[in-house]
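File shown: input_22.cif (mmCIF, C-alpha atoms, pLDDT in the B column; chains and numbers go by the auth columns).
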```cif
data_model
loop_
_atom_site.group_PDB
_atom_site.id
_atom_site.type_symbol
_atom_site.label_atom_id
_atom_site.label_comp_id
_atom_site.label_asym_id
_atom_site.label_seq_id
_atom_site.Cartn_x
_atom_site.Cartn_y
_atom_site.Cartn_z
_atom_site.B_iso_or_equiv
_atom_site.auth_seq_id
_atom_site.auth_asym_id
ATOM 1 C CA GLY A 1 205.870 -67.041 198.451 57.00 241 A
ATOM 2 C CA ALA A 2 205.645 -64.965 201.564 56.00 242 A
ATOM 3 C CA LYS A 3 202.425 -66.630 202.760 56.00 243 A
ATOM 4 C CA GLU A 4 203.975 -70.103 202.783 62.00 244 A
ATOM 5 C CA ARG A 5 206.967 -68.781 204.751 63.00 245 A
ATOM 6 C CA SER A 6 204.593 -67.281 207.298 66.00 246 A
ATOM 7 C CA ASP A 7 205.849 -63.787 206.437 82.00 247 A
ATOM 8 C CA MET A 8 202.517 -62.156 207.175 84.00 248 A
ATOM 9 C CA ALA A 9 204.060 -58.680 207.438 86.00 249 A
ATOM 10 C CA ALA A 10 205.078 -58.871 203.751 86.00 250 A
ATOM 11 C CA VAL A 11 201.628 -60.164 202.802 86.00 251 A
ATOM 12 C CA ARG A 12 199.996 -57.245 204.632 88.00 252 A
ATOM 13 C CA ARG A 13 202.349 -54.693 203.019 89.00 253 A
ATOM 14 C CA THR A 14 201.597 -56.123 199.580 89.00 254 A
ATOM 15 C CA GLY A 15 197.865 -56.087 200.295 89.00 255 A
ATOM 16 C CA ARG A 16 198.006 -52.433 201.421 90.00 256 A
ATOM 17 C CA SER A 17 199.994 -51.528 198.290 89.00 257 A
ATOM 18 C CA PHE A 18 197.377 -53.173 196.084 87.00 258 A
ATOM 19 C CA ASN A 19 194.599 -51.350 197.948 87.00 259 A
ATOM 20 C CA ASP A 20 196.456 -48.040 197.465 87.00 260 A
ATOM 21 C CA LEU A 21 196.855 -48.818 193.772 87.00 261 A
ATOM 22 C CA LYS A 22 193.165 -49.658 193.485 89.00 262 A
ATOM 23 C CA GLY A 23 192.292 -46.295 195.098 88.00 263 A
ATOM 24 C CA LEU A 24 194.570 -44.428 192.685 87.00 264 A
ATOM 25 C CA VAL A 25 193.045 -46.195 189.681 87.00 265 A
ATOM 26 C CA ARG A 26 189.542 -45.355 190.948 88.00 266 A
ATOM 27 C CA ARG A 27 190.448 -41.645 191.341 87.00 267 A
ATOM 28 C CA LEU A 28 192.063 -41.625 187.896 86.00 268 A
ATOM 29 C CA ASP A 29 188.910 -43.103 186.375 82.00 269 A
ATOM 30 C CA GLU A 30 186.782 -40.428 188.104 82.00 270 A
ATOM 31 C CA GLU A 31 189.065 -37.693 186.703 82.00 271 A
ATOM 32 C CA ARG A 32 188.838 -39.231 183.207 78.00 272 A
ATOM 33 C CA ARG A 33 185.022 -39.216 183.402 77.00 273 A
ATOM 34 C CA LEU A 34 185.047 -35.557 184.501 74.00 274 A
ATOM 35 C CA ILE A 35 187.353 -34.563 181.638 74.00 275 A
ATOM 36 C CA THR A 36 185.270 -36.508 179.120 73.00 276 A
ATOM 37 C CA ARG A 37 182.065 -34.885 180.388 74.00 277 A
ATOM 38 C CA ASN A 38 183.632 -31.408 180.280 73.00 278 A
ATOM 39 C CA SER A 39 184.906 -32.077 176.767 76.00 279 A
ATOM 40 C CA ALA A 40 181.426 -33.098 175.610 78.00 280 A
ATOM 41 C CA LEU A 41 179.910 -29.985 177.202 79.00 281 A
ATOM 42 C CA ALA A 42 182.520 -27.777 175.536 76.00 282 A
ATOM 43 C CA ALA A 43 181.777 -29.372 172.134 76.00 283 A
ATOM 44 C CA LEU A 44 178.068 -28.726 172.658 79.00 284 A
ATOM 45 C CA LEU A 45 178.760 -25.087 173.594 79.00 285 A
ATOM 46 C CA VAL A 46 180.869 -24.604 170.450 75.00 286 A
ATOM 47 C CA THR A 47 178.136 -26.110 168.273 76.00 287 A
ATOM 48 C CA VAL A 48 175.445 -23.864 169.777 80.00 288 A
ATOM 49 C CA CYS A 49 177.606 -20.725 169.551 77.00 289 A
ATOM 50 C CA ARG A 50 178.529 -21.414 165.929 74.00 290 A
ATOM 51 C CA ARG A 51 174.824 -21.697 165.037 78.00 291 A
ATOM 52 C CA VAL A 52 173.468 -18.626 166.819 80.00 292 A
ATOM 53 C CA LEU A 53 176.249 -16.036 166.957 80.00 293 A
ATOM 54 C CA PRO A 54 177.009 -13.916 163.883 83.00 294 A
ATOM 55 C CA VAL A 55 180.425 -13.947 162.232 84.00 295 A
ATOM 56 C CA ARG A 56 182.818 -11.087 162.895 86.00 296 A
ATOM 57 C CA GLN A 57 183.847 -8.795 160.029 91.00 297 A
ATOM 58 C CA VAL A 58 187.572 -8.003 159.757 91.00 298 A
ATOM 59 C CA ASP A 59 189.916 -6.249 157.375 93.00 299 A
ATOM 60 C CA PRO A 60 192.839 -8.641 156.756 90.00 300 A
ATOM 61 C CA ALA A 61 195.092 -5.644 156.000 91.00 301 A
ATOM 62 C CA ALA A 62 194.719 -4.629 159.662 93.00 302 A
ATOM 63 C CA LEU A 63 196.760 -7.649 160.781 93.00 303 A
ATOM 64 C CA ARG A 64 200.341 -6.405 160.521 91.00 304 A
ATOM 65 C CA ASP A 65 203.688 -6.841 162.252 92.00 305 A
ATOM 66 C CA ILE A 66 203.174 -10.548 162.894 95.00 306 A
ATOM 67 C CA PRO A 67 206.172 -12.003 164.723 95.00 307 A
ATOM 68 C CA ALA A 68 207.346 -15.378 163.387 95.00 308 A
ATOM 69 C CA SER A 69 206.714 -17.049 166.746 94.00 309 A
ATOM 70 C CA CYS A 70 204.072 -18.631 168.920 92.00 310 A
ATOM 71 C CA GLU A 71 202.936 -15.109 169.813 94.00 311 A
ATOM 72 C CA GLY A 72 202.415 -14.386 166.105 95.00 312 A
ATOM 73 C CA TYR A 73 200.401 -17.580 165.708 92.00 313 A
ATOM 74 C CA ARG A 74 198.208 -16.569 168.653 91.00 314 A
ATOM 75 C CA ARG A 75 197.671 -13.120 167.158 94.00 315 A
ATOM 76 C CA ILE A 76 196.524 -14.667 163.882 92.00 316 A
ATOM 77 C CA MET A 77 194.118 -17.003 165.690 89.00 317 A
ATOM 78 C CA GLU A 78 192.750 -14.141 167.821 90.00 318 A
ATOM 79 C CA PHE A 79 192.370 -11.881 164.789 92.00 319 A
ATOM 80 C CA TYR A 80 190.430 -14.465 162.764 89.00 320 A
ATOM 81 C CA PHE A 81 188.464 -15.905 165.702 87.00 321 A
ATOM 82 C CA PHE A 82 184.746 -15.952 164.843 84.00 322 A
ATOM 83 C CA THR A 83 185.317 -14.614 161.330 88.00 323 A
ATOM 84 C CA ASP A 84 183.495 -16.176 158.368 84.00 324 A
ATOM 85 C CA ALA A 85 185.060 -19.591 157.637 80.00 325 A
ATOM 86 C CA GLY A 86 183.643 -19.349 154.118 81.00 326 A
ATOM 87 C CA LEU A 87 185.971 -16.385 153.519 83.00 327 A
ATOM 88 C CA TYR A 88 188.898 -17.219 155.824 82.00 328 A
ATOM 89 C CA PHE A 89 189.229 -20.990 155.900 77.00 329 A
ATOM 90 C CA PHE A 90 191.734 -22.602 158.271 79.00 330 A
ATOM 91 C CA GLY A 91 190.707 -26.216 157.658 73.00 331 A
ATOM 92 C CA ASP A 92 188.459 -26.381 160.706 72.00 332 A
ATOM 93 C CA TYR A 93 184.860 -25.698 159.644 70.00 333 A
ATOM 94 C CA PRO A 94 184.012 -24.923 155.988 72.00 334 A
ATOM 95 C CA SER A 95 181.361 -22.332 156.877 76.00 335 A
ATOM 96 C CA GLY A 96 180.072 -20.312 159.796 74.00 336 A
ATOM 97 C CA PRO A 97 182.277 -18.654 162.396 78.00 337 A
ATOM 98 C CA ASN A 98 185.923 -19.747 162.771 79.00 338 A
ATOM 99 C CA TRP A 99 186.258 -21.280 166.216 74.00 339 A
ATOM 100 C CA PHE A 100 189.576 -23.184 165.829 75.00 340 A
ATOM 101 C CA VAL A 101 188.480 -26.217 167.826 63.00 341 A
ATOM 102 C CA ARG A 102 189.781 -28.885 165.457 65.00 342 A
ATOM 103 C CA LEU A 103 192.491 -26.950 163.654 70.00 343 A
ATOM 104 C CA LYS A 104 194.565 -29.473 161.723 69.00 344 A
ATOM 105 C CA ARG A 105 196.606 -27.159 159.495 75.00 345 A
ATOM 106 C CA ASN A 106 200.017 -25.621 159.906 84.00 346 A
ATOM 107 C CA VAL A 107 200.366 -21.862 159.897 88.00 347 A
ATOM 108 C CA ALA A 108 203.667 -20.507 158.545 92.00 348 A
ATOM 109 C CA ILE A 109 204.673 -16.928 159.293 95.00 349 A
ATOM 110 C CA LEU A 110 207.327 -15.305 157.126 96.00 350 A
ATOM 111 C CA LEU A 111 209.032 -12.156 158.371 95.00 351 A
ATOM 112 C CA VAL A 112 211.827 -10.642 156.258 96.00 352 A
ATOM 113 C CA ARG A 113 213.784 -7.567 157.336 95.00 353 A
ATOM 114 C CA ASP A 114 216.484 -5.618 155.569 96.00 354 A
ATOM 115 C CA ARG A 115 219.839 -4.893 157.191 96.00 355 A
ATOM 116 C CA GLY A 116 218.407 -1.791 158.803 96.00 356 A
ATOM 117 C CA GLY A 117 215.662 -3.824 160.488 94.00 357 A
ATOM 118 C CA ARG A 118 212.835 -2.546 158.301 95.00 358 A
ATOM 119 C CA VAL A 119 210.187 -5.106 157.416 94.00 359 A
ATOM 120 C CA LEU A 120 210.331 -6.081 153.745 95.00 360 A
ATOM 121 C CA TYR A 121 207.726 -8.839 153.916 95.00 361 A
ATOM 122 C CA ASN A 122 205.464 -10.108 156.687 96.00 362 A
ATOM 123 C CA HIS A 123 202.640 -12.488 155.945 93.00 363 A
ATOM 124 C CA PHE A 124 201.413 -15.969 156.802 92.00 364 A
ATOM 125 C CA ALA A 125 200.057 -19.006 154.982 89.00 365 A
ATOM 126 C CA VAL A 126 197.875 -21.932 156.011 84.00 366 A
ATOM 127 C CA SER A 127 199.009 -25.323 154.751 82.00 367 A
ATOM 128 C CA GLY A 128 196.886 -27.094 152.179 71.00 368 A
ATOM 129 C CA GLU A 129 194.233 -24.418 151.878 59.00 369 A
ATOM 130 C CA HIS A 130 193.543 -22.192 148.869 59.00 370 A
ATOM 131 C CA ARG A 131 190.769 -20.226 150.602 56.00 371 A
ATOM 132 C CA ALA A 132 192.935 -19.375 153.601 58.00 372 A
ATOM 133 C CA PRO A 133 193.649 -15.728 154.348 63.00 373 A
#
```
Show me the file's structure as C-alpha cells.
Amino acid sequence: GAKERSDMAAVRRTGRSFNDLKGLVRRLDEERRLITRNSALAALLVTVCRRVLPVRQVDPAALRDIPASCEGYRRIMEFYFFTDAGLYFFGDYPSGPNWFVRLKRNVAILLVRDRGGRVLYNHFAVSGEHRAP
C-alpha cells in the first residue's frame, strides 16, 4: 500500500478521513441518544396525560364537509383527539382518551358530489374496526 511506497501524504489523508468519519459517527450516535430520550419522555407524557385528563365530549354529526385529502384526515384526527376511545375507537388505545400515538389503521374518506357540485355523501371509515366512528 501507500505506506510501503513511502507515500506518507496519502497515509495522512486517509488517517484524517477516518478521523473525520469517526467524529461524524460519534455525533450521529449522540443525536440518536437524544432522539431516543425525547421519544421516551414523550411516551411518558402521553401515558400520564391519558390517565389524568378527562375525555372530550363531541357530537359526531358536527364533523361535516370532510375533504378526501390529507387535510380531511387531519380534521378527523383533530376532531376526535382526546375523545373517549371506548366510544370512538381508531385502533390505538381501547379505552381512555384518543391520543393517536400508535395509530395503525387506515382512514378512508368518501366524498360524492352531484353534477352541480352538491355533496351527496361525505363520511369516513376506519379499517378493521367496528367501534370506529
As a ChimeraX atom specification, please: the residues near region 292-295 of chain A (cut-off 7 Å, only C-alpha atoms, same-chain neighbours under 2 positions excluded). /A:288-290,297,322-324,336-337
Two-atom distance - CA of Ala365 (chain A), CA of Asp305 (chain A) (Å):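 Computed distance, CA of Ala365 (chain A) to CA of Asp305 (chain A), equals 14.6 Å.
Straight-line separation from CA of Arg304 (chain A) to CA of Ser367 (chain A): 19.8 Å.
Between CA of Val347 (chain A) and CA of Ile275 (chain A) lies a distance of 28.3 Å.
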Shell around Ile316 (chain A) at 12 Å using only C-alpha atoms, local window under 4 positions removed, as an MDAnalysis selection string: chainID A and resid 298 300 302:312 320:323 328 330 338 340 347:349 363:366 372:373
Using only C-alpha atoms, which of the listed residues (A:Phe319, A:Asn362, A:Ala249, A:Leu350) sits closest to Arg296 (chain A)? A:Phe319
Given all atoms listed in the file as the basis, pick out the residue of A:Trp339, A:Ala301, A:Leu360, A:Pro334 nearest to Glu318 (chain A). A:Trp339
